[in-house]
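**Q** My file is coords_3.csv. It has CSV, C-alpha atoms:
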```
chain,number,residue,atom,x,y,z
A,1,LEU,CA,0.0,0.0,0.0
A,2,ASP,CA,1.6,3.3,-1.1
A,3,PHE,CA,0.8,6.2,1.2
A,4,ILE,CA,1.3,9.8,-0.1
A,5,ASN,CA,3.9,11.5,2.1
A,6,MET,CA,3.6,8.7,4.7
A,7,ALA,CA,5.7,5.7,3.8
A,8,PRO,CA,5.1,2.7,6.1
A,9,ASN,CA,7.9,0.4,7.2
A,10,VAL,CA,5.9,-2.7,6.2
A,11,ASP,CA,4.1,-3.8,3.0
A,12,ILE,CA,0.4,-4.4,3.5
A,13,GLU,CA,-1.8,-6.2,1.1
A,14,VAL,CA,-5.6,-5.4,1.5
A,15,ASP,CA,-8.1,-8.1,0.7
A,16,GLY,CA,-11.8,-7.1,0.4
A,17,ASN,CA,-13.4,-3.8,1.2
A,18,PHE,CA,-11.1,-2.9,4.1
A,19,ASP,CA,-14.2,-2.4,6.3
A,20,ASN,CA,-15.1,0.7,4.3
A,21,ARG,CA,-12.1,2.6,5.8
A,22,THR,CA,-10.0,5.1,4.0
A,23,LEU,CA,-6.9,3.7,2.5
A,24,ASP,CA,-4.4,5.8,4.4
A,25,ILE,CA,-2.0,5.1,7.3
A,26,TYR,CA,-4.6,6.1,9.8
A,27,GLY,CA,-7.2,3.8,8.3
A,28,VAL,CA,-4.7,0.9,8.3
A,29,ILE,CA,-3.9,1.5,12.0
A,30,ALA,CA,-7.5,1.6,12.9
A,31,TRP,CA,-8.3,-1.6,10.9
A,32,MET,CA,-5.3,-3.4,12.5
A,33,ALA,CA,-6.4,-2.4,15.9
A,34,ASP,CA,-9.9,-3.9,15.3
A,35,HIS,CA,-8.3,-7.1,13.9
A,36,VAL,CA,-5.7,-8.1,16.5
A,37,ASP,CA,-5.3,-11.6,15.0
A,38,TYR,CA,-6.1,-11.4,11.3
A,39,ILE,CA,-7.2,-14.6,9.5
A,40,PRO,CA,-8.1,-14.0,5.8
A,41,LYS,CA,-11.1,-15.7,4.3
A,42,GLY,CA,-10.2,-19.1,2.8
A,43,SER,CA,-7.2,-19.6,5.0
A,44,GLU,CA,-6.6,-22.8,6.8
A,45,GLU,CA,-7.9,-22.9,10.3
A,46,ASP,CA,-5.8,-21.3,13.0
A,47,THR,CA,-3.6,-19.6,10.3
A,48,VAL,CA,-2.8,-16.1,11.5
A,49,VAL,CA,-1.2,-13.7,9.0
A,50,TYR,CA,-0.2,-11.3,11.8
A,51,SER,CA,-0.7,-10.8,15.5
A,52,LEU,CA,-0.9,-7.2,16.8
A,53,SER,CA,-0.2,-6.3,20.4
A,54,LYS,CA,-1.2,-2.8,21.2
A,55,GLY,CA,1.1,-0.8,23.4
A,56,SER,CA,0.5,2.2,25.6
A,57,ASP,CA,1.8,5.8,25.7
A,58,GLY,CA,3.9,5.0,28.8
A,59,GLY,CA,1.8,6.8,31.2
A,60,ASP,CA,2.3,10.3,32.7
A,61,SER,CA,5.7,11.8,32.7
A,62,THR,CA,7.6,12.1,35.9
A,63,ALA,CA,10.5,14.4,37.0
A,64,ASP,CA,12.9,11.6,36.1
A,65,THR,CA,11.4,11.5,32.6
A,66,TRP,CA,12.2,15.1,32.0
A,67,LYS,CA,15.7,14.8,33.4
A,68,ALA,CA,16.3,11.8,31.2
A,69,ALA,CA,15.1,13.7,28.2
A,70,TYR,CA,17.6,16.5,28.9
A,71,GLU,CA,20.4,13.9,29.2
A,72,ALA,CA,19.5,12.5,25.8
A,73,LEU,CA,20.0,15.9,24.3
A,74,THR,CA,23.5,16.6,25.8
A,75,GLU,CA,25.3,15.0,22.9
A,76,TYR,CA,24.1,17.7,20.6
A,77,THR,CA,25.8,21.1,20.7
A,78,ASP,CA,24.3,23.0,17.8
A,79,ALA,CA,21.3,24.5,19.6
A,80,TYR,CA,21.1,27.8,21.4
A,81,ASN,CA,17.8,27.4,23.3
A,82,LEU,CA,16.3,24.6,25.5
A,83,ILE,CA,12.7,24.6,26.7
A,84,LEU,CA,10.8,22.1,28.9
A,85,SER,CA,7.6,22.4,26.9
A,86,HIS,CA,4.5,22.9,29.2
A,87,ILE,CA,6.2,21.1,32.1
A,88,HIS,CA,4.1,23.1,34.5
A,89,GLN,CA,1.0,21.3,33.1
A,90,HIS,CA,2.5,17.9,33.3
A,91,LEU,CA,4.1,18.3,36.7
A,92,PRO,CA,2.1,21.1,38.4
A,93,GLU,CA,3.6,20.4,41.8
A,94,GLY,CA,7.2,19.6,41.0
A,95,TYR,CA,8.2,21.4,37.8
A,96,THR,CA,10.4,24.0,39.6
A,97,THR,CA,12.6,21.2,41.0
A,98,VAL,CA,13.1,19.8,37.5
A,99,TYR,CA,14.0,23.3,36.3
A,100,ALA,CA,16.5,23.7,39.1
A,101,ASP,CA,18.2,20.3,38.5
A,102,ILE,CA,18.5,20.9,34.8
A,103,GLY,CA,19.5,24.5,35.4
A,104,LEU,CA,22.5,23.4,37.4
A,105,LYS,CA,23.7,21.2,34.6
A,106,VAL,CA,23.1,23.9,32.0
A,107,LYS,CA,25.1,26.4,34.1
A,108,LYS,CA,28.0,23.9,34.4
A,109,ALA,CA,28.1,23.0,30.7
A,110,GLN,CA,27.6,26.5,29.3
A,111,GLU,CA,26.6,25.1,25.9
A,112,ILE,CA,22.9,26.2,25.7
A,113,LYS,CA,20.4,28.5,27.3
A,114,LEU,CA,17.6,27.2,29.4
A,115,MET,CA,14.3,29.1,28.9
A,116,VAL,CA,12.2,29.0,32.0
A,117,GLU,CA,8.5,29.9,31.9
A,118,LEU,CA,6.4,31.4,34.6
A,119,PRO,CA,2.9,30.0,33.8
A,120,LYS,CA,0.4,32.5,32.5
A,121,PRO,CA,-1.5,34.3,35.2
A,122,ALA,CA,-4.9,33.0,36.1
A,123,ALA,CA,-7.9,35.4,36.1
A,124,GLY,CA,-7.8,37.8,39.0
A,125,VAL,CA,-4.0,37.6,39.7
A,126,THR,CA,-2.7,41.1,40.3
A,127,ILE,CA,0.6,42.5,39.1
A,128,SER,CA,1.9,42.4,42.6
A,129,GLN,CA,1.1,38.7,43.0
A,130,TYR,CA,2.7,37.9,39.6
A,131,VAL,CA,5.9,39.8,40.5
A,132,THR,CA,6.0,37.7,43.7
A,133,ALA,CA,5.6,34.5,41.6
A,134,ILE,CA,8.5,35.3,39.3
A,135,GLY,CA,10.6,36.2,42.3
A,136,THR,CA,9.8,32.8,43.9
A,137,LEU,CA,10.6,31.0,40.6
A,138,VAL,CA,14.0,32.7,40.1
A,139,LYS,CA,14.9,31.9,43.7
A,140,ALA,CA,14.0,28.3,43.2
A,141,VAL,CA,15.7,27.7,39.8
A,142,GLY,CA,18.7,30.1,40.1
A,143,GLN,CA,20.4,32.8,38.2
A,144,SER,CA,22.9,32.5,35.4
A,145,PRO,CA,23.8,34.0,32.0
A,146,PHE,CA,22.5,30.6,30.7
A,147,ILE,CA,19.1,30.8,32.3
A,148,CYS,CA,16.4,33.1,30.9
A,149,TYR,CA,12.9,33.8,32.3
A,150,TYR,CA,9.7,34.4,30.3
A,151,GLY,CA,6.1,34.8,31.3
A,152,GLY,CA,3.0,36.8,31.1
A,153,GLY,CA,1.1,34.6,28.6
A,154,ILE,CA,0.0,35.6,25.1
A,155,LYS,CA,-3.4,35.6,23.5
A,156,TYR,CA,-4.3,34.1,20.1
A,157,TYR,CA,-7.4,33.2,18.2
A,158,ASP,CA,-7.9,29.5,17.9
A,159,ASN,CA,-9.2,27.8,14.7
A,160,LEU,CA,-12.8,28.6,15.7
A,161,GLY,CA,-12.2,32.2,16.2
A,162,VAL,CA,-12.2,32.1,20.0
A,163,ILE,CA,-9.5,34.0,21.9
A,164,ARG,CA,-7.3,31.7,23.9
A,165,ASP,CA,-4.8,32.4,26.7
A,166,CYS,CA,-1.6,30.6,25.8
A,167,ASP,CA,1.9,30.1,27.2
A,168,VAL,CA,4.7,31.9,25.5
A,169,LEU,CA,7.7,29.7,25.0
A,170,GLY,CA,6.6,28.3,21.6
A,171,THR,CA,6.2,31.9,20.3
A,172,VAL,CA,9.6,32.9,21.9
A,173,LEU,CA,11.3,30.0,20.2
A,174,GLY,CA,9.8,31.0,16.8
A,175,LEU,CA,11.1,34.5,17.2
A,176,ALA,CA,14.5,33.4,18.4
A,177,ASN,CA,15.0,30.8,15.6
A,178,THR,CA,13.9,33.2,12.9
A,179,SER,CA,16.2,36.0,14.2
A,180,GLU,CA,19.1,33.7,14.6
A,181,ALA,CA,18.8,32.2,11.1
A,182,THR,CA,18.2,35.5,9.4
A,183,PHE,CA,20.4,38.0,11.2
A,184,GLY,CA,22.6,36.0,13.5
A,185,PRO,CA,22.3,34.8,17.1
A,186,TRP,CA,23.9,38.0,18.5
A,187,TYR,CA,20.9,40.0,17.4
A,188,SER,CA,18.1,40.5,19.9
A,189,TYR,CA,14.8,39.0,19.0
A,190,ALA,CA,12.9,41.4,21.2
A,191,GLY,CA,11.5,44.8,20.3
A,192,GLN,CA,9.9,46.2,17.1
A,193,ASN,CA,12.3,44.9,14.6
A,194,ARG,CA,12.5,41.2,15.3
A,195,GLY,CA,10.1,40.7,18.2
A,196,ILE,CA,6.6,41.5,16.7
A,197,VAL,CA,4.0,38.7,16.6
A,198,PRO,CA,1.4,39.8,14.0
A,199,GLU,CA,-1.2,37.1,15.0
A,200,ALA,CA,-1.0,37.8,18.7
A,201,LEU,CA,-3.7,39.8,20.5
A,202,GLY,CA,-1.5,41.0,23.5
A,203,PRO,CA,-0.4,39.4,26.7
A,204,VAL,CA,-2.6,37.5,29.2
A,205,MET,CA,-1.3,39.7,32.0
A,206,PRO,CA,-2.1,43.5,31.9
A,207,ASN,CA,-0.3,45.3,29.1
A,208,LEU,CA,2.9,47.0,30.5
A,209,GLY,CA,3.9,48.5,27.2
A,210,THR,CA,2.7,52.1,27.8
A,211,PRO,CA,4.7,54.9,29.4
A,212,SER,CA,2.3,54.9,32.4
A,213,GLN,CA,3.3,51.3,33.2
A,214,ILE,CA,7.1,51.8,33.2
A,215,GLU,CA,7.4,51.3,37.0
A,216,ASN,CA,5.5,48.0,36.8
A,217,LEU,CA,7.6,46.9,33.9
A,218,GLN,CA,10.7,47.6,35.9
A,219,LEU,CA,9.4,45.3,38.7
A,220,PHE,CA,9.6,42.4,36.3
A,221,ALA,CA,12.9,43.5,34.8
A,222,ASN,CA,14.3,43.4,38.4
A,223,TRP,CA,13.6,39.6,38.3
A,224,TYR,CA,15.0,39.2,34.7
A,225,MET,CA,11.6,38.5,33.2
A,226,ASN,CA,11.1,38.8,29.4
A,227,LEU,CA,7.4,39.3,28.5
A,228,PHE,CA,5.1,40.4,25.7
A,229,VAL,CA,3.6,43.9,25.5
A,230,ILE,CA,1.5,45.9,23.1
A,231,LYS,CA,3.3,49.0,21.8
A,232,ASP,CA,2.9,51.6,19.1
A,233,THR,CA,5.0,51.0,16.1
A,234,GLN,CA,6.3,53.5,13.4
A,235,SER,CA,4.0,52.4,10.7
A,236,ALA,CA,1.9,49.3,11.7
A,237,GLY,CA,-0.1,50.7,14.6
A,238,LYS,CA,-0.2,48.8,17.9
A,239,ARG,CA,1.4,45.4,17.8
A,240,THR,CA,2.2,42.7,20.3
A,241,MET,CA,5.9,42.2,20.7
A,242,LEU,CA,8.5,40.5,22.9
A,243,TRP,CA,10.0,43.0,25.4
A,244,HIS,CA,13.3,42.7,27.2
A,245,ASN,CA,16.4,40.8,26.2
A,246,PHE,CA,17.7,39.6,29.6
A,247,THR,CA,19.4,36.6,30.9
A,248,SER,CA,19.4,36.1,34.7
A,249,ASN,CA,23.1,36.9,35.1
A,250,PRO,CA,23.4,38.3,38.6
A,251,ILE,CA,26.6,40.2,37.7
A,252,ASN,CA,26.1,43.6,36.0
A,253,ASN,CA,28.1,43.0,32.8
A,254,SER,CA,27.2,42.5,29.2
A,255,GLU,CA,26.2,38.8,29.7
A,256,LYS,CA,23.0,40.1,31.2
A,257,PHE,CA,21.9,40.4,27.6
A,258,ILE,CA,20.8,37.3,25.6
A,259,SER,CA,22.5,38.6,22.5
A,260,ILE,CA,26.0,38.6,24.1
A,261,VAL,CA,25.6,35.1,25.6
A,262,ASN,CA,24.5,33.9,22.1
A,263,LEU,CA,27.5,35.5,20.6
A,264,ASN,CA,29.8,33.6,23.0
A,265,LEU,CA,27.9,30.4,22.2
A,266,TYR,CA,28.4,31.1,18.5
A,267,LEU,CA,32.1,31.5,19.0
A,268,LYS,CA,32.3,28.2,20.8
A,269,LYS,CA,30.3,26.3,18.2
A,270,ASN,CA,32.4,27.6,15.3
A,271,ILE,CA,35.9,27.7,16.8
A,272,ARG,CA,35.8,24.4,18.7
A,273,PRO,CA,35.8,22.2,15.6
A,274,ILE,CA,38.9,24.1,14.3
A,275,LEU,CA,40.8,23.6,17.6
A,276,GLU,CA,39.7,20.0,17.9
A,277,GLY,CA,40.7,19.4,14.3
A,278,LYS,CA,44.3,20.1,15.3
A,279,LEU,CA,44.5,17.5,18.1
A,280,GLU,CA,47.2,15.0,17.3
A,281,GLU,CA,48.9,17.4,14.9
A,282,PRO,CA,52.4,18.7,15.7
A,283,ASN,CA,52.1,21.3,18.5
A,284,THR,CA,54.3,23.9,16.8
A,285,PHE,CA,54.4,27.3,15.2
A,286,SER,CA,53.0,26.3,11.8
A,287,THR,CA,50.0,24.6,13.4
A,288,TRP,CA,49.2,27.7,15.5
A,289,LYS,CA,49.5,29.9,12.5
A,290,ASP,CA,47.1,27.7,10.6
A,291,ILE,CA,44.6,27.9,13.5
A,292,TYR,CA,44.8,31.7,13.4
A,293,TYR,CA,44.1,31.8,9.6
A,294,GLN,CA,41.1,29.5,10.0
A,295,VAL,CA,39.6,31.6,12.9
A,296,LYS,CA,40.3,35.0,11.4
A,297,PRO,CA,37.5,34.9,8.7
A,298,ILE,CA,35.0,34.1,11.4
A,299,LEU,CA,36.1,37.1,13.4
A,300,ASP,CA,36.1,39.4,10.4
A,301,ASP,CA,32.6,38.3,9.5
A,302,LEU,CA,31.4,39.0,13.0
A,303,VAL,CA,32.8,42.5,12.8
A,304,ASN,CA,31.1,43.1,9.5
A,305,ARG,CA,27.8,41.8,10.9
A,306,ASN,CA,27.7,44.1,14.0
A,307,ALA,CA,28.5,41.3,16.4
A,308,MET,CA,31.8,42.7,17.9
A,309,LEU,CA,34.5,45.2,17.5
A,310,GLU,CA,38.3,45.0,17.6
A,311,PRO,CA,38.7,41.2,18.0
A,312,VAL,CA,42.3,40.1,18.9
A,313,TRP,CA,43.5,36.5,18.7
A,314,ASN,CA,46.7,35.9,20.6
A,315,GLY,CA,47.8,32.3,20.2
A,316,ASP,CA,51.5,32.9,19.5
A,317,GLN,CA,50.6,32.5,15.8
A,318,ASN,CA,53.6,34.8,14.8
A,319,ALA,CA,56.2,33.0,16.9
A,320,GLN,CA,59.2,31.6,15.2
A,321,SER,CA,60.9,30.1,18.3
A,322,TYR,CA,60.2,29.4,21.9
A,323,ALA,CA,61.8,32.7,22.8
A,324,ASP,CA,59.0,34.5,21.0
A,325,LEU,CA,56.2,32.9,23.1
A,326,GLN,CA,53.8,35.3,24.8
A,327,VAL,CA,50.9,33.2,25.8
A,328,ASN,CA,52.3,29.7,25.9
A,329,THR,CA,55.4,28.4,27.6
A,330,GLU,CA,58.0,26.0,26.2
A,331,GLU,CA,57.3,23.6,29.1
A,332,GLU,CA,53.5,23.5,28.3
A,333,VAL,CA,54.0,23.3,24.5
A,334,ARG,CA,56.5,20.4,24.9
A,335,ALA,CA,53.9,18.7,27.1
A,336,GLY,CA,51.3,18.8,24.2
A,337,LYS,CA,49.4,21.8,25.5
A,338,TYR,CA,48.3,24.9,23.5
A,339,HIS,CA,46.6,28.0,24.8
A,340,ALA,CA,45.1,31.0,22.8
A,341,VAL,CA,43.3,34.1,24.0
A,342,LEU,CA,40.5,35.7,22.1
A,343,SER,CA,39.4,39.2,23.2
A,344,TYR,CA,36.9,41.5,21.7
A,345,LYS,CA,34.8,44.6,22.4
A,346,ASP,CA,31.2,43.7,22.7
A,347,ILE,CA,28.3,45.4,21.0
A,348,VAL,CA,25.3,45.4,23.3
A,349,THR,CA,21.7,46.2,22.3
A,350,MET,CA,20.4,49.7,22.8
A,351,GLN,CA,18.4,49.8,26.1
A,352,GLU,CA,17.8,53.5,26.7
A,353,VAL,CA,17.2,56.6,24.6
A,354,ASN,CA,17.0,60.1,25.9
A,355,LEU,CA,15.7,63.0,24.0
A,356,ASP,CA,15.7,66.6,25.2
A,357,ILE,CA,13.0,68.8,23.7
A,358,VAL,CA,13.9,72.5,24.0
A,359,ILE,CA,11.7,75.4,23.2
A,360,VAL,CA,13.9,78.4,22.2
A,361,ALA,CA,12.7,81.4,24.0
A,362,SER,CA,11.9,84.6,22.0
A,363,GLU,CA,14.1,87.6,22.3
A,364,ARG,CA,12.8,90.0,25.0
A,365,SER,CA,14.0,93.3,23.4
A,366,VAL,CA,11.8,95.0,20.9
A,367,ASN,CA,13.0,98.0,18.8
A,368,ILE,CA,10.4,100.3,17.3
A,369,SER,CA,11.5,103.2,15.1
A,370,VAL,CA,9.0,106.0,14.1
A,371,ASN,CA,9.8,108.4,11.3
A,372,ASP,CA,8.0,111.8,11.3
```
Show this structure as structure tokens.
**A**
Amino acid sequence: LDFINMAPNVDIEVDGNFDNRTLDIYGVIAWMADHVDYIPKGSEEDTVVYSLSKGSDGGDSTADTWKAAYEALTEYTDAYNLILSHIHQHLPEGYTTVYADIGLKVKKAQEIKLMVELPKPAAGVTISQYVTAIGTLVKAVGQSPFICYYGGGIKYYDNLGVIRDCDVLGTVLGLANTSEATFGPWYSYAGQNRGIVPEALGPVMPNLGTPSQIENLQLFANWYMNLFVIKDTQSAGKRTMLWHNFTSNPINNSEKFISIVNLNLYLKKNIRPILEGKLEEPNTFSTWKDIYYQVKPILDDLVNRNAMLEPVWNGDQNAQSYADLQVNTEEEVRAGKYHAVLSYKDIVTMQEVNLDIVIVASERSVNISVND
């Protein structure tokens, strides 16, 4: 049986009218479920063509299920973002513990960012109560450049035209992946340029996107929370967009911005294969120079694409003898070790704009001349 766009792993020959079911994979599965031991007409007695044993979905997930799922992903290093999709619905009483356990591993590995979601507020929840909730969640899960917090919910029409209150991480991932693929992971996917969600109808929580709500918005920023707001745009009217670009880095440096953490992850993902490709090669000057010339185009490209300024690679790539070494030592080199230092000036996202509007006062002196 040949299915369009759905190729089965077994060949099935249908005899008869197939119980009036549709000849697609779903019909086959339904038919097989109703014929656990299939004996075609005319077959010898007790001749079974196949025997079907129906399985189960494995039951409800547990905390260990989620932790095991994370462990299964650790062999992959190409992603920037990790979510535990709707874990608060599957483990309403214990999801923060799972976040905390996985968060510890993410912080140690420094290979991916964990996106943590504060569930959308229920009806009647005040801003003060919701601020308390995000504070409790941050305290339980932890703070790190590799942990980011989202919340506030987002509203969409469903396929019947009914407005639904939804969680946000699916939308956040869509914005992040689109921005990373189109512009680069060092660009923020918040704000008017890359953070607008045309189909959204605003946040579930009260809209904090107006100037009068700046103090309430700051309350959530104090707990690192990224959320959706409705704001006026230059040419498209009011639109729902992601606001804030924060990690939960407790140190006040540029790694409090997702864009900078993503840049460092990008450097890791692109430079690591170059360095590992030189393992077991002669640990000498020509090898170091070759590393530099493979890394340099990556750095030049990042400068041209507004990711960084003035990158400097110091890996003794210009050394001609051990006497020329600046970063490495002869003892370490002759033990098979190599060390390089990459420094750069970061380009952070614009966070504050000040405009002074000045009315120029008129001159106070008036000259009037009268001619007789």
**Q** Scan for residues within 9 Å of the point (49.7, 31.0, 14.6) in the coordinates of the file, using all atoms listed in the file, and reply as number ranges by chain.
**A** A: 284-293, 314-319
**Q** Counting all atoms listed in the file, which residue out of A:Leu173, A:Pro121, A:Leu160, A:Leu219 sits closest to Leu84 (chain A)?
**A**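 Under the stated criterion, the closest residue is A:Leu173.
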**Q** Ranking A:Leu217, A:Val348, A:Leu265, A:Val172 by minimum distance to Leu242 (chain A) and counting all atoms listed in the file, which one comes first?
**A** A:Val172
**Q** When you count all atoms listed in the file, which of these residues is closest to Gly152 (chain A): A:Pro206, A:Gly59, A:Gly124, A:Gly135?
**A** A:Pro206
**Q** Quick one: distance from CA of Asn207 (chain A) to CA of Ser188 (chain A) in Å, one decimal?
**A** 21.1 Å
**Q** So what do you get for CA of Asn283 (chain A) versus CA of Asp78 (chain A), distance-wise?
**A**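 So the answer is 27.9 Å.
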**Q** When you draw a straight line from CA of Glu199 (chain A) to CA of Tyr157 (chain A), how long is it in Å?
**A**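 Result for CA of Glu199 (chain A) versus CA of Tyr157 (chain A): 8.0 Å, one decimal.
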**Q** Determine, counting all atoms listed in the file, which protein, DNA and RNA residues have an atom within 7 Å of an atom of Phe146 (chain A); residues of the same chain fewer than 3 positions away are not included. Present the result as a list in words.
**A**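 My reading of the contact set: Val106, Lys107, Gln110, Ile112, Lys113, Leu114 and Thr247 of chain A.
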**Q** In file coordinates, which residues lie within 10 Å of (3.9, 46.4, 13.0) using all atoms listed in the file, given as number ranges by chain?
**A** A: 192-193, 195-198, 231-241
**Q** Smallest atom-to-atom distance to Ala122 (chain A): which of A:Val358, A:Cys166, A:Ile87, A:Val141, using all atoms listed in the file?
**A**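 Residue with the minimum atom-to-atom distance to Ala122 (chain A): A:Cys166.
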**Q** With distances taken over only C-alpha atoms, which residue among A:Asn270, A:Leu201, A:Gly142, A:Val131 lies nearest Tyr156 (chain A)?
**A**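 Result for the nearest residue to Tyr156 (chain A): A:Leu201.
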**Q** Select, from A:Gln351, A:Val312, A:Val333, A:Gln326, the residue with the minimum atom-to-atom distance to Pro282 (chain A), counting all atoms listed in the file.
**A**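 Between A:Gln351, A:Val312, A:Val333, A:Gln326, the residue approaching Pro282 (chain A) most closely is A:Val333.
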**Q** Quick one: residues within 12 Å of region 60-68 of chain A, only C-alpha atoms counted, chain neighbours fewer than 5 positions away excluded, as a count of residues only?
**A** 26
**Q** My structure is short of atoms at region 273-285 of chain A; please model N, CA, C and O atoms there, returning them as an mmCIF file, in the coordinates of the input.
**A**
```cif
data_model
loop_
_atom_site.group_PDB
_atom_site.id
_atom_site.type_symbol
_atom_site.label_atom_id
_atom_site.label_comp_id
_atom_site.auth_asym_id
_atom_site.auth_seq_id
_atom_site.Cartn_x
_atom_site.Cartn_y
_atom_site.Cartn_z
ATOM 1 N N PRO A 273 35.394 23.249 16.565
ATOM 2 C CA PRO A 273 35.800 22.200 15.600
ATOM 3 C C PRO A 273 37.176 22.532 14.960
ATOM 4 O O PRO A 273 37.909 21.593 14.597
ATOM 5 N N ILE A 274 37.542 23.810 14.856
ATOM 6 C CA ILE A 274 38.900 24.100 14.300
ATOM 7 C C ILE A 274 39.946 23.682 15.287
ATOM 8 O O ILE A 274 40.941 23.055 14.879
ATOM 9 N N LEU A 275 39.757 23.975 16.560
ATOM 10 C CA LEU A 275 40.800 23.600 17.600
ATOM 11 C C LEU A 275 40.849 22.072 17.697
ATOM 12 O O LEU A 275 41.959 21.503 17.748
ATOM 13 N N GLU A 276 39.697 21.413 17.758
ATOM 14 C CA GLU A 276 39.700 20.000 17.900
ATOM 15 C C GLU A 276 40.269 19.275 16.654
ATOM 16 O O GLU A 276 40.809 18.164 16.731
ATOM 17 N N GLY A 277 40.157 19.942 15.515
ATOM 18 C CA GLY A 277 40.700 19.400 14.300
ATOM 19 C C GLY A 277 42.235 19.352 14.285
ATOM 20 O O GLY A 277 42.844 18.683 13.440
ATOM 21 N N LYS A 278 42.840 20.097 15.209
ATOM 22 C CA LYS A 278 44.300 20.100 15.300
ATOM 23 C C LYS A 278 44.858 19.166 16.343
ATOM 24 O O LYS A 278 46.092 19.048 16.474
ATOM 25 N N LEU A 279 43.976 18.529 17.098
ATOM 26 C CA LEU A 279 44.500 17.500 18.100
ATOM 27 C C LEU A 279 45.202 16.426 17.340
ATOM 28 O O LEU A 279 44.769 15.968 16.271
ATOM 29 N N GLU A 280 46.290 16.014 17.891
ATOM 30 C CA GLU A 280 47.200 15.000 17.300
ATOM 31 C C GLU A 280 48.062 15.519 16.197
ATOM 32 O O GLU A 280 48.852 14.761 15.618
ATOM 33 N N GLU A 281 47.948 16.810 15.879
ATOM 34 C CA GLU A 281 48.900 17.400 14.900
ATOM 35 C C GLU A 281 50.103 17.936 15.681
ATOM 36 O O GLU A 281 50.076 18.094 16.911
ATOM 37 N N PRO A 282 51.204 18.199 14.987
ATOM 38 C CA PRO A 282 52.400 18.700 15.700
ATOM 39 C C PRO A 282 52.093 20.021 16.395
ATOM 40 O O PRO A 282 51.555 20.960 15.790
ATOM 41 N N ASN A 283 52.419 20.082 17.658
ATOM 42 C CA ASN A 283 52.100 21.300 18.500
ATOM 43 C C ASN A 283 53.288 22.258 18.304
ATOM 44 O O ASN A 283 54.152 22.424 19.167
ATOM 45 N N THR A 284 53.239 22.955 17.176
ATOM 46 C CA THR A 284 54.300 23.900 16.800
ATOM 47 C C THR A 284 53.830 25.064 16.083
ATOM 48 O O THR A 284 52.626 25.205 15.825
ATOM 49 N N PHE A 285 54.730 25.932 15.684
ATOM 50 C CA PHE A 285 54.400 27.300 15.200
ATOM 51 C C PHE A 285 53.507 27.229 13.939
ATOM 52 O O PHE A 285 52.571 28.021 13.814
#
```
